[in-house]
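Source file: run-v5.pdb; contents: PDB, C-alpha atoms.
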ATOM      1  CA  VAL A  37     127.429 125.586 116.170
ATOM      2  CA  ASP A  38     127.497 122.557 113.903
ATOM      3  CA  THR A  39     126.382 119.494 115.862
ATOM      4  CA  MET A  40     124.193 118.074 113.124
ATOM      5  CA  GLY A  41     126.579 115.355 111.952
ATOM      6  CA  GLU A  42     126.914 113.830 115.403
ATOM      7  CA  PHE A  43     123.198 114.207 116.111
ATOM      8  CA  ALA A  44     122.426 112.438 112.825
ATOM      9  CA  ASP A  45     124.688 109.532 113.782
ATOM     10  CA  ILE A  46     122.987 109.238 117.177
ATOM     11  CA  ALA A  47     119.515 109.456 115.624
ATOM     12  CA  ALA A  48     120.332 106.808 113.033
ATOM     13  CA  ALA A  49     121.662 104.447 115.700
ATOM     14  CA  VAL A  50     118.466 104.933 117.715
ATOM     15  CA  MET A  51     116.240 104.224 114.711
ATOM     16  CA  VAL A  52     118.273 101.100 113.929
ATOM     17  CA  GLU A  53     117.861  99.935 117.513
ATOM     18  CA  PHE A  54     114.195 100.774 118.069
ATOM     19  CA  HIS A  55     112.707 100.554 114.569
ATOM     20  CA  GLY A  56     115.019  98.166 112.749
ATOM     21  CA  ALA A  57     115.880 100.869 110.213
ATOM     22  CA  ASP A  58     118.714 100.814 107.716
ATOM     23  CA  LYS A  59     121.376 103.182 109.039
ATOM     24  CA  THR A  60     121.951 105.091 105.785
ATOM     25  CA  TRP A  61     118.209 105.526 105.236
ATOM     26  CA  ALA A  62     117.726 106.612 108.843
ATOM     27  CA  THR A  63     120.474 109.221 108.549
ATOM     28  CA  GLU A  64     118.874 110.653 105.405
ATOM     29  CA  LYS A  65     115.449 110.795 107.042
ATOM     30  CA  TYR A  66     116.840 112.529 110.116
ATOM     31  CA  LEU A  67     118.482 115.219 107.990
ATOM     32  CA  GLU A  68     115.406 115.643 105.786
ATOM     33  CA  THR A  69     113.201 116.335 108.823
ATOM     34  CA  SER A  70     115.749 118.264 110.899
ATOM     35  CA  GLY A  71     114.770 121.522 112.536
ATOM     36  CA  VAL A  72     112.111 120.217 114.932
ATOM     37  CA  PRO A  73     112.393 118.132 118.149
ATOM     38  CA  PHE A  74     113.301 114.495 117.521
ATOM     39  CA  LEU A  75     109.964 113.168 118.762
ATOM     40  CA  GLN A  76     108.251 115.234 116.051
ATOM     41  CA  GLN A  77     110.751 113.957 113.494
ATOM     42  CA  LEU A  78     109.891 110.399 114.476
ATOM     43  CA  GLY A  79     106.223 111.289 114.055
ATOM     44  CA  LEU A  80     106.987 112.255 110.457
ATOM     45  CA  ILE A  81     109.191 109.233 109.773
ATOM     46  CA  TYR A  82     107.136 106.644 111.699
ATOM     47  CA  PRO A  83     103.628 108.117 112.115
ATOM     48  CA  GLY A  84     101.749 106.675 115.078
ATOM     49  CA  ASP A  85     104.500 104.214 116.028
ATOM     50  CA  ALA A  86     104.249 103.302 119.726
ATOM     51  CA  ARG A  87     108.052 102.972 119.909
ATOM     52  CA  ASN A  88     108.607 106.660 119.145
ATOM     53  CA  PRO A  89     108.490 108.066 122.731
ATOM     54  CA  GLN A  90     111.021 105.555 124.036
ATOM     55  CA  ALA A  91     113.254 106.094 121.019
ATOM     56  CA  SER A  92     113.070 109.848 121.573
ATOM     57  CA  GLU A  93     114.097 109.466 125.206
ATOM     58  CA  ALA A  94     117.101 107.370 124.181
ATOM     59  CA  PHE A  95     118.110 109.948 121.575
ATOM     60  CA  GLU A  96     117.857 112.874 123.998
ATOM     61  CA  HIS A  97     119.909 111.023 126.611
ATOM     62  CA  ARG A  98     122.690 110.140 124.182
ATOM     63  CA  LYS A  99     122.596 113.574 122.568
ATOM     64  CA  ASN A 100     123.010 115.308 125.916
ATOM     65  CA  ILE A 101     126.065 113.192 126.742
ATOM     66  CA  PHE A 102     127.662 114.438 123.510
ATOM     67  CA  PHE A 103     126.384 117.997 123.979
ATOM     68  CA  GLU A 104     128.061 118.255 127.383
ATOM     69  CA  THR A 105     131.478 117.828 125.755
ATOM     70  CA  PHE A 106     130.985 119.972 122.623
ATOM     71  CA  LYS A 107     132.997 123.176 122.282
ATOM     72  CA  VAL A 108     132.019 126.366 120.462
ATOM     73  CA  PRO A 109     134.358 126.883 117.463
ATOM     74  CA  GLU A 110     136.637 129.908 117.692
ATOM     75  CA  GLU A 111     135.241 131.335 114.449
ATOM     76  CA  THR A 112     131.764 131.307 115.981
ATOM     77  CA  ARG A 113     133.058 133.134 119.041
ATOM     78  CA  ARG A 114     134.712 135.803 116.875
ATOM     79  CA  VAL A 115     131.646 136.361 114.689
ATOM     80  CA  VAL A 116     129.274 136.612 117.656
ATOM     81  CA  ALA A 117     131.638 139.089 119.328
ATOM     82  CA  GLU A 118     131.780 141.178 116.137
ATOM     83  CA  LEU A 119     127.985 141.279 115.815
ATOM     84  CA  VAL A 120     127.582 142.279 119.456
ATOM     85  CA  ALA A 121     130.242 144.982 119.022
ATOM     86  CA  ARG A 122     128.162 146.376 116.153
ATOM     87  CA  GLY A 123     125.303 146.861 118.577
ATOM     88  CA  LEU A 124     123.175 144.004 117.264
ATOM     89  CA  SER A 125     121.001 141.887 119.518
ATOM     90  CA  VAL A 126     122.260 138.329 119.025
ATOM     91  CA  GLY A 127     120.298 135.328 120.225
ATOM     92  CA  VAL A 128     120.204 131.547 119.981
ATOM     93  CA  SER A 129     117.132 129.715 118.686
ATOM     94  CA  SER A 130     117.379 125.956 119.206
ATOM     95  CA  ASN A 131     115.228 122.876 119.570
ATOM     96  CA  ASN A 132     117.535 121.508 122.234
ATOM     97  CA  PHE A 133     115.828 121.450 125.612
ATOM     98  CA  GLN A 134     116.078 124.793 127.412
ATOM     99  CA  ALA A 135     117.969 123.410 130.413
ATOM    100  CA  SER A 136     120.573 121.728 128.187
ATOM    101  CA  LEU A 137     121.001 124.876 126.113
ATOM    102  CA  ASP A 138     121.374 127.064 129.209
ATOM    103  CA  ARG A 139     124.072 124.766 130.583
ATOM    104  CA  PHE A 140     125.879 124.776 127.232
ATOM    105  CA  VAL A 141     125.898 128.567 126.908
ATOM    106  CA  GLU A 142     127.029 129.005 130.520
ATOM    107  CA  ARG A 143     129.755 126.373 130.278
ATOM    108  CA  GLU A 144     131.119 127.867 127.060
ATOM    109  CA  HIS A 145     131.003 131.426 128.490
ATOM    110  CA  MET A 146     129.027 132.760 125.547
ATOM    111  CA  THR A 147     127.098 136.006 125.868
ATOM    112  CA  PHE A 148     123.759 136.245 124.080
ATOM    113  CA  ALA A 149     120.917 138.679 124.514
ATOM    114  CA  HIS A 150     118.439 135.803 124.179
ATOM    115  CA  VAL A 151     118.850 132.064 124.712
ATOM    116  CA  MET A 152     115.779 130.268 123.377
ATOM    117  CA  GLY A 153     115.482 126.508 123.631
ATOM    118  CA  PHE A 154     112.620 124.044 123.598
ATOM    119  CA  ARG A 155     110.169 123.921 126.483
ATOM    120  CA  GLU A 156     106.416 123.581 126.842
ATOM    121  CA  ASN A 157     104.595 125.972 124.499
ATOM    122  CA  PHE A 158     107.904 127.512 123.439
ATOM    123  CA  ARG A 159     109.809 126.210 120.457
ATOM    124  CA  LYS A 160     111.862 127.264 117.481
ATOM    125  CA  GLY A 161     109.743 129.095 114.950
ATOM    126  CA  GLU A 162     106.844 131.465 115.469
ATOM    127  CA  GLN A 163     107.067 131.354 119.269
ATOM    128  CA  HIS A 164     110.764 132.235 119.368
ATOM    129  CA  ILE A 165     110.271 135.016 116.841
ATOM    130  CA  ALA A 166     107.314 136.426 118.789
ATOM    131  CA  TYR A 167     109.484 136.376 121.921
ATOM    132  CA  ILE A 168     112.228 138.357 120.170
ATOM    133  CA  ARG A 169     109.726 140.895 118.854
ATOM    134  CA  GLU A 170     108.163 141.376 122.268
ATOM    135  CA  ARG A 171     111.525 141.790 124.025
ATOM    136  CA  THR A 172     113.190 144.056 121.460
ATOM    137  CA  GLY A 173     110.376 145.798 119.614
ATOM    138  CA  ALA A 174     111.961 144.654 116.341
ATOM    139  CA  THR A 175     109.881 144.424 113.194
ATOM    140  CA  PRO A 176     110.120 141.281 111.023
ATOM    141  CA  GLU A 177     112.251 143.240 108.546
ATOM    142  CA  GLU A 178     114.827 143.828 111.310
ATOM    143  CA  ILE A 179     115.204 140.138 112.185
ATOM    144  CA  VAL A 180     117.538 137.723 110.398
ATOM    145  CA  LEU A 181     117.586 133.998 111.108
ATOM    146  CA  VAL A 182     120.819 132.138 110.343
ATOM    147  CA  GLY A 183     120.206 128.420 109.968
ATOM    148  CA  ASP A 184     121.517 125.172 108.538
ATOM    149  CA  SER A 185     118.273 123.268 107.943
ATOM    150  CA  PHE A 186     115.566 123.630 105.320
ATOM    151  CA  HIS A 187     113.078 123.956 108.149
ATOM    152  CA  ASP A 188     114.892 127.127 109.280
ATOM    153  CA  ALA A 189     114.276 128.663 105.858
ATOM    154  CA  ILE A 190     110.625 127.605 106.008
ATOM    155  CA  VAL A 191     110.315 129.262 109.432
ATOM    156  CA  ALA A 192     111.779 132.489 108.042
ATOM    157  CA  GLN A 193     109.483 132.323 105.034
ATOM    158  CA  GLY A 194     106.407 131.726 107.179
ATOM    159  CA  ASN A 195     107.200 134.590 109.537
ATOM    160  CA  GLY A 196     108.369 137.189 107.033
ATOM    161  CA  ILE A 197     111.898 137.577 108.408
ATOM    162  CA  GLY A 198     115.289 137.607 106.697
ATOM    163  CA  PHE A 199     117.340 134.457 106.323
ATOM    164  CA  VAL A 200     120.924 133.349 105.699
ATOM    165  CA  ALA A 201     121.649 129.665 105.051
ATOM    166  CA  LYS A 202     124.785 128.085 106.482
ATOM    167  CA  ALA A 203     126.041 125.268 104.262
ATOM    168  CA  GLY A 204     127.060 122.132 106.101
ATOM    169  CA  THR A 205     124.128 119.849 106.747
ATOM    170  CA  PHE A 206     123.100 120.640 103.161
ATOM    171  CA  GLY A 207     125.570 121.792 100.522
ATOM    172  CA  VAL A 208     125.312 124.987  98.496
ATOM    173  CA  GLU A 209     123.774 123.212  95.504
ATOM    174  CA  ALA A 210     121.101 121.573  97.650
ATOM    175  CA  TRP A 211     120.193 124.961  99.084
ATOM    176  CA  LYS A 212     120.029 126.585  95.668
ATOM    177  CA  GLU A 213     117.844 123.800  94.317
ATOM    178  CA  ARG A 214     115.347 124.074  97.174
ATOM    179  CA  PHE A 215     115.565 127.846  97.771
ATOM    180  CA  PRO A 216     116.922 129.450  94.575
ATOM    181  CA  HIS A 217     117.099 132.995  95.953
ATOM    182  CA  VAL A 218     118.484 132.328  99.402
ATOM    183  CA  VAL A 219     121.869 133.690 100.491
ATOM    184  CA  VAL A 220     124.173 130.775 101.358
ATOM    185  CA  ILE A 221     127.442 131.051 103.289
ATOM    186  CA  SER A 222     130.060 128.336 103.666
ATOM    187  CA  GLU A 223     131.841 129.914 106.641
ATOM    188  CA  LEU A 224     130.280 131.912 109.450
ATOM    189  CA  ARG A 225     132.813 134.728 108.984
ATOM    190  CA  GLU A 226     130.979 135.565 105.744
ATOM    191  CA  LEU A 227     127.935 136.626 107.751
ATOM    192  CA  PRO A 228     128.687 140.134 109.138
ATOM    193  CA  PRO A 229     129.135 141.883 105.745
ATOM    194  CA  LEU A 230     125.851 140.386 104.517
ATOM    195  CA  LEU A 231     123.645 141.842 107.205
ATOM    196  CA  GLU A 232     123.462 145.220 105.471
ATOM    197  CA  SER A 233     122.609 143.603 102.140
ATOM    198  CA  PRO A 234     119.105 143.730 100.625
ATOM    199  CA  ALA A 235     119.788 140.172  99.425
ATOM    200  CA  VAL A 236     119.117 138.946 102.967
ATOM    201  CA  LYS A 237     115.379 138.701 102.574
ATOM    202  CA  VAL A 238     112.554 136.269 103.062
ATOM    203  CA  PRO A 239     113.489 133.022 101.271
ATOM    204  CA  GLN A 240     111.383 131.966  98.302
ATOM    205  CA  ALA A 241     111.048 128.277  97.556
ATOM    206  CA  ALA A 242     109.146 126.444  94.861
ATOM    207  CA  GLY A 243     106.804 123.958  96.458
ATOM    208  CA  ALA A 244     108.160 124.398  99.965
ATOM    209  CA  PRO A 245     105.858 123.105 102.711
ATOM    210  CA  SER A 246     104.418 125.500 105.252
ATOM    211  CA  PRO A 247     105.814 125.604 108.819
ATOM    212  CA  ASP A 248     102.632 123.859 110.007
ATOM    213  CA  SER A 249     103.542 120.747 108.026
ATOM    214  CA  TYR A 250     106.381 120.183 110.503
ATOM    215  CA  ALA A 251     104.214 120.736 113.581
TER     216      ALA A 251
END
Hey, can you dump this file as structure tokens for me?
Amino acid sequence: VDTMGEFADIAAAVMVEFHGADKTWATEKYLETSGVPFLQQLGLIYPGDARNPQASEAFEHRKNIFFETFKVPEETRRVVAELVARGLSVGVSSNNFQASLDRFVEREHMTFAHVMGFRENFRKGEQHIAYIRERTGATPEEIVLVGDSFHDAIVAQGNGIGFVAKAGTFGVEAWKERFPHVVVISELRELPPLLESPAVKVPQAAGAPSPDSYA
């Protein structure tokens, strides 16, 4: 569900307003640090800046206004339905607040075995993966994360699970430069045939930071 472009525009506008940032620079920084809650991104971009909490609140408010009107693409609906029909347990792992994510899934009439958003002591990464393992009994080798940010690949790498990159936020070449061995898809419909492939494995990246560096 590709909302990154709109979120990046909102984030850049907020950083221009609260931090006096250049819009192009702010957009690049948002994308570079994507994959964690915006307040943590601001902590990476503007460490210790007292304006960060207020900027984060403004971002979340504006993001939720957009999120309430966003529609799930038909291709996404078809792919999710196909995976469920195969007997797979399909879940959502997001850093959007849990309440917002629950409303989105309900409004769009999507059926997932697990809907995991951001709440206290529960966020995308190790905590979401531990939740899936506890609920399903799956081993790391039986879990595949599909993501569009470099942080998603780092999460997969740090937790020993499979990974498929969805080009969009970052193009195929950017993915291959950062994670040479990762499987990259341009369209979500390419996903189902890949899930039986041994190529869907833990991503290897030269010089990639650990998940803790985004904490």
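The nearest approach to A:Leu78 among the residues A:Arg114, A:Gly153, A:Val236, A:Ala91, with all atoms listed in the file taken into account, belongs to A:Ala91.
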task: For the structure provided, state which residues fall under the PyMOL selection byres ((chain A and resi 96-105) around 7), and present them as a VMD selection string.
output: chain A and resid 43 46 92 to 95 106 to 107 140
Enclose the full set of atoms of stretch 114-131 of chain A listed in the file within a box whose edges lie along x, y and z, apply 6 Å of padding to each of the six sides, and report centre and edge lengths in Å to one decimal as AutoDock Vina command-line options.
--center_x 125.0 --center_y 134.9 --center_z 117.5 --size_x 31.5 --size_y 36.0 --size_z 17.5
- request: Measuring atom to atom with all atoms listed in the file, identify which of A:Arg171, A:His55, A:Arg225, A:Lys202 is nearest to A:Ala86.
  value: A:His55
task: List the residues selected by the PyMOL selection byres ((chain A and resi 121-138) around 8) in the file shown, writing them as a VMD selection string.
output: chain A and resid 71 to 73 100 116 to 120 139 to 142 148 to 155 159 to 160 164
Filtering to all heavy atoms, could stretch 123-137 of chain A of the supplied structure be written out as a short mmCIF file (atom, residue, chain, number, x, y, z; two decimals), in the first residue's frame?
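The result, written out as part-v8.cif:
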data_model
loop_
_atom_site.label_atom_id
_atom_site.label_comp_id
_atom_site.auth_asym_id
_atom_site.auth_seq_id
_atom_site.Cartn_x
_atom_site.Cartn_y
_atom_site.Cartn_z
N GLY A 123 -3.54 -20.56 1.65
CA GLY A 123 -3.42 -21.03 3.02
C GLY A 123 -2.35 -20.33 3.83
O GLY A 123 -2.00 -20.79 4.92
N LEU A 124 -1.81 -19.22 3.29
CA LEU A 124 -0.78 -18.49 4.01
C LEU A 124 -1.40 -17.54 5.03
O LEU A 124 -2.50 -17.02 4.84
CB LEU A 124 0.08 -17.70 3.03
CG LEU A 124 0.85 -18.51 1.99
CD1 LEU A 124 1.61 -17.59 1.06
CD2 LEU A 124 1.81 -19.47 2.67
N SER A 125 -0.69 -17.31 6.09
CA SER A 125 -1.10 -16.33 7.10
C SER A 125 -0.53 -14.99 6.69
O SER A 125 0.69 -14.79 6.68
CB SER A 125 -0.57 -16.75 8.48
OG SER A 125 -0.91 -15.80 9.46
N VAL A 126 -1.39 -14.04 6.34
CA VAL A 126 -0.97 -12.75 5.80
C VAL A 126 -1.27 -11.66 6.83
O VAL A 126 -2.40 -11.55 7.31
CB VAL A 126 -1.69 -12.43 4.48
CG1 VAL A 126 -1.18 -11.11 3.91
CG2 VAL A 126 -1.48 -13.55 3.48
N GLY A 127 -0.26 -10.87 7.14
CA GLY A 127 -0.44 -9.81 8.11
C GLY A 127 0.11 -8.48 7.62
O GLY A 127 0.80 -8.41 6.60
N VAL A 128 -0.21 -7.42 8.34
CA VAL A 128 0.29 -6.09 8.07
C VAL A 128 1.21 -5.68 9.21
O VAL A 128 0.86 -5.83 10.38
CB VAL A 128 -0.86 -5.06 7.96
CG1 VAL A 128 -0.31 -3.66 7.74
CG2 VAL A 128 -1.80 -5.43 6.85
N SER A 129 2.39 -5.17 8.86
CA SER A 129 3.33 -4.64 9.84
C SER A 129 3.60 -3.19 9.46
O SER A 129 4.17 -2.93 8.40
CB SER A 129 4.63 -5.45 9.85
OG SER A 129 5.56 -4.90 10.75
N SER A 130 3.18 -2.25 10.31
CA SER A 130 3.24 -0.84 9.96
C SER A 130 3.65 0.00 11.16
O SER A 130 3.39 -0.37 12.30
CB SER A 130 1.86 -0.38 9.46
OG SER A 130 1.80 1.02 9.29
N ASN A 131 4.27 1.14 10.88
CA ASN A 131 4.56 2.09 11.94
C ASN A 131 3.51 3.17 12.06
O ASN A 131 3.68 4.13 12.81
CB ASN A 131 5.94 2.73 11.72
CG ASN A 131 7.04 1.91 12.37
OD1 ASN A 131 6.90 1.45 13.50
ND2 ASN A 131 8.13 1.72 11.65
N ASN A 132 2.40 3.04 11.33
CA ASN A 132 1.26 3.89 11.60
C ASN A 132 0.66 3.50 12.95
O ASN A 132 0.71 2.33 13.35
CB ASN A 132 0.20 3.75 10.51
CG ASN A 132 0.62 4.43 9.22
OD1 ASN A 132 0.70 5.65 9.15
ND2 ASN A 132 0.90 3.64 8.20
N PHE A 133 0.09 4.46 13.65
CA PHE A 133 -0.50 4.16 14.94
C PHE A 133 -1.56 3.08 14.81
O PHE A 133 -2.30 3.02 13.83
CB PHE A 133 -1.09 5.42 15.56
CG PHE A 133 -0.06 6.37 16.09
CD1 PHE A 133 0.08 7.64 15.55
CD2 PHE A 133 0.80 6.00 17.11
CE1 PHE A 133 1.03 8.53 16.02
CE2 PHE A 133 1.76 6.88 17.60
CZ PHE A 133 1.88 8.14 17.05
N GLN A 134 -1.64 2.21 15.82
CA GLN A 134 -2.52 1.04 15.76
C GLN A 134 -3.97 1.43 15.48
O GLN A 134 -4.64 0.81 14.65
CB GLN A 134 -2.45 0.26 17.08
CG GLN A 134 -3.21 -1.05 17.05
CD GLN A 134 -2.55 -2.11 16.18
OE1 GLN A 134 -1.38 -2.40 16.35
NE2 GLN A 134 -3.30 -2.68 15.25
N ALA A 135 -4.46 2.46 16.14
CA ALA A 135 -5.86 2.86 15.96
C ALA A 135 -6.12 3.30 14.51
O ALA A 135 -7.16 2.95 13.92
CB ALA A 135 -6.22 3.98 16.93
N SER A 136 -5.18 4.05 13.94
CA SER A 136 -5.33 4.51 12.55
C SER A 136 -5.30 3.32 11.59
O SER A 136 -6.08 3.25 10.64
CB SER A 136 -4.22 5.49 12.19
OG SER A 136 -4.28 6.64 12.98
N LEU A 137 -4.41 2.38 11.85
CA LEU A 137 -4.29 1.21 10.99
C LEU A 137 -5.55 0.34 11.08
O LEU A 137 -6.05 -0.15 10.07
CB LEU A 137 -3.06 0.39 11.40
CG LEU A 137 -2.68 -0.78 10.51
CD1 LEU A 137 -2.37 -0.32 9.09
CD2 LEU A 137 -1.49 -1.53 11.10
#
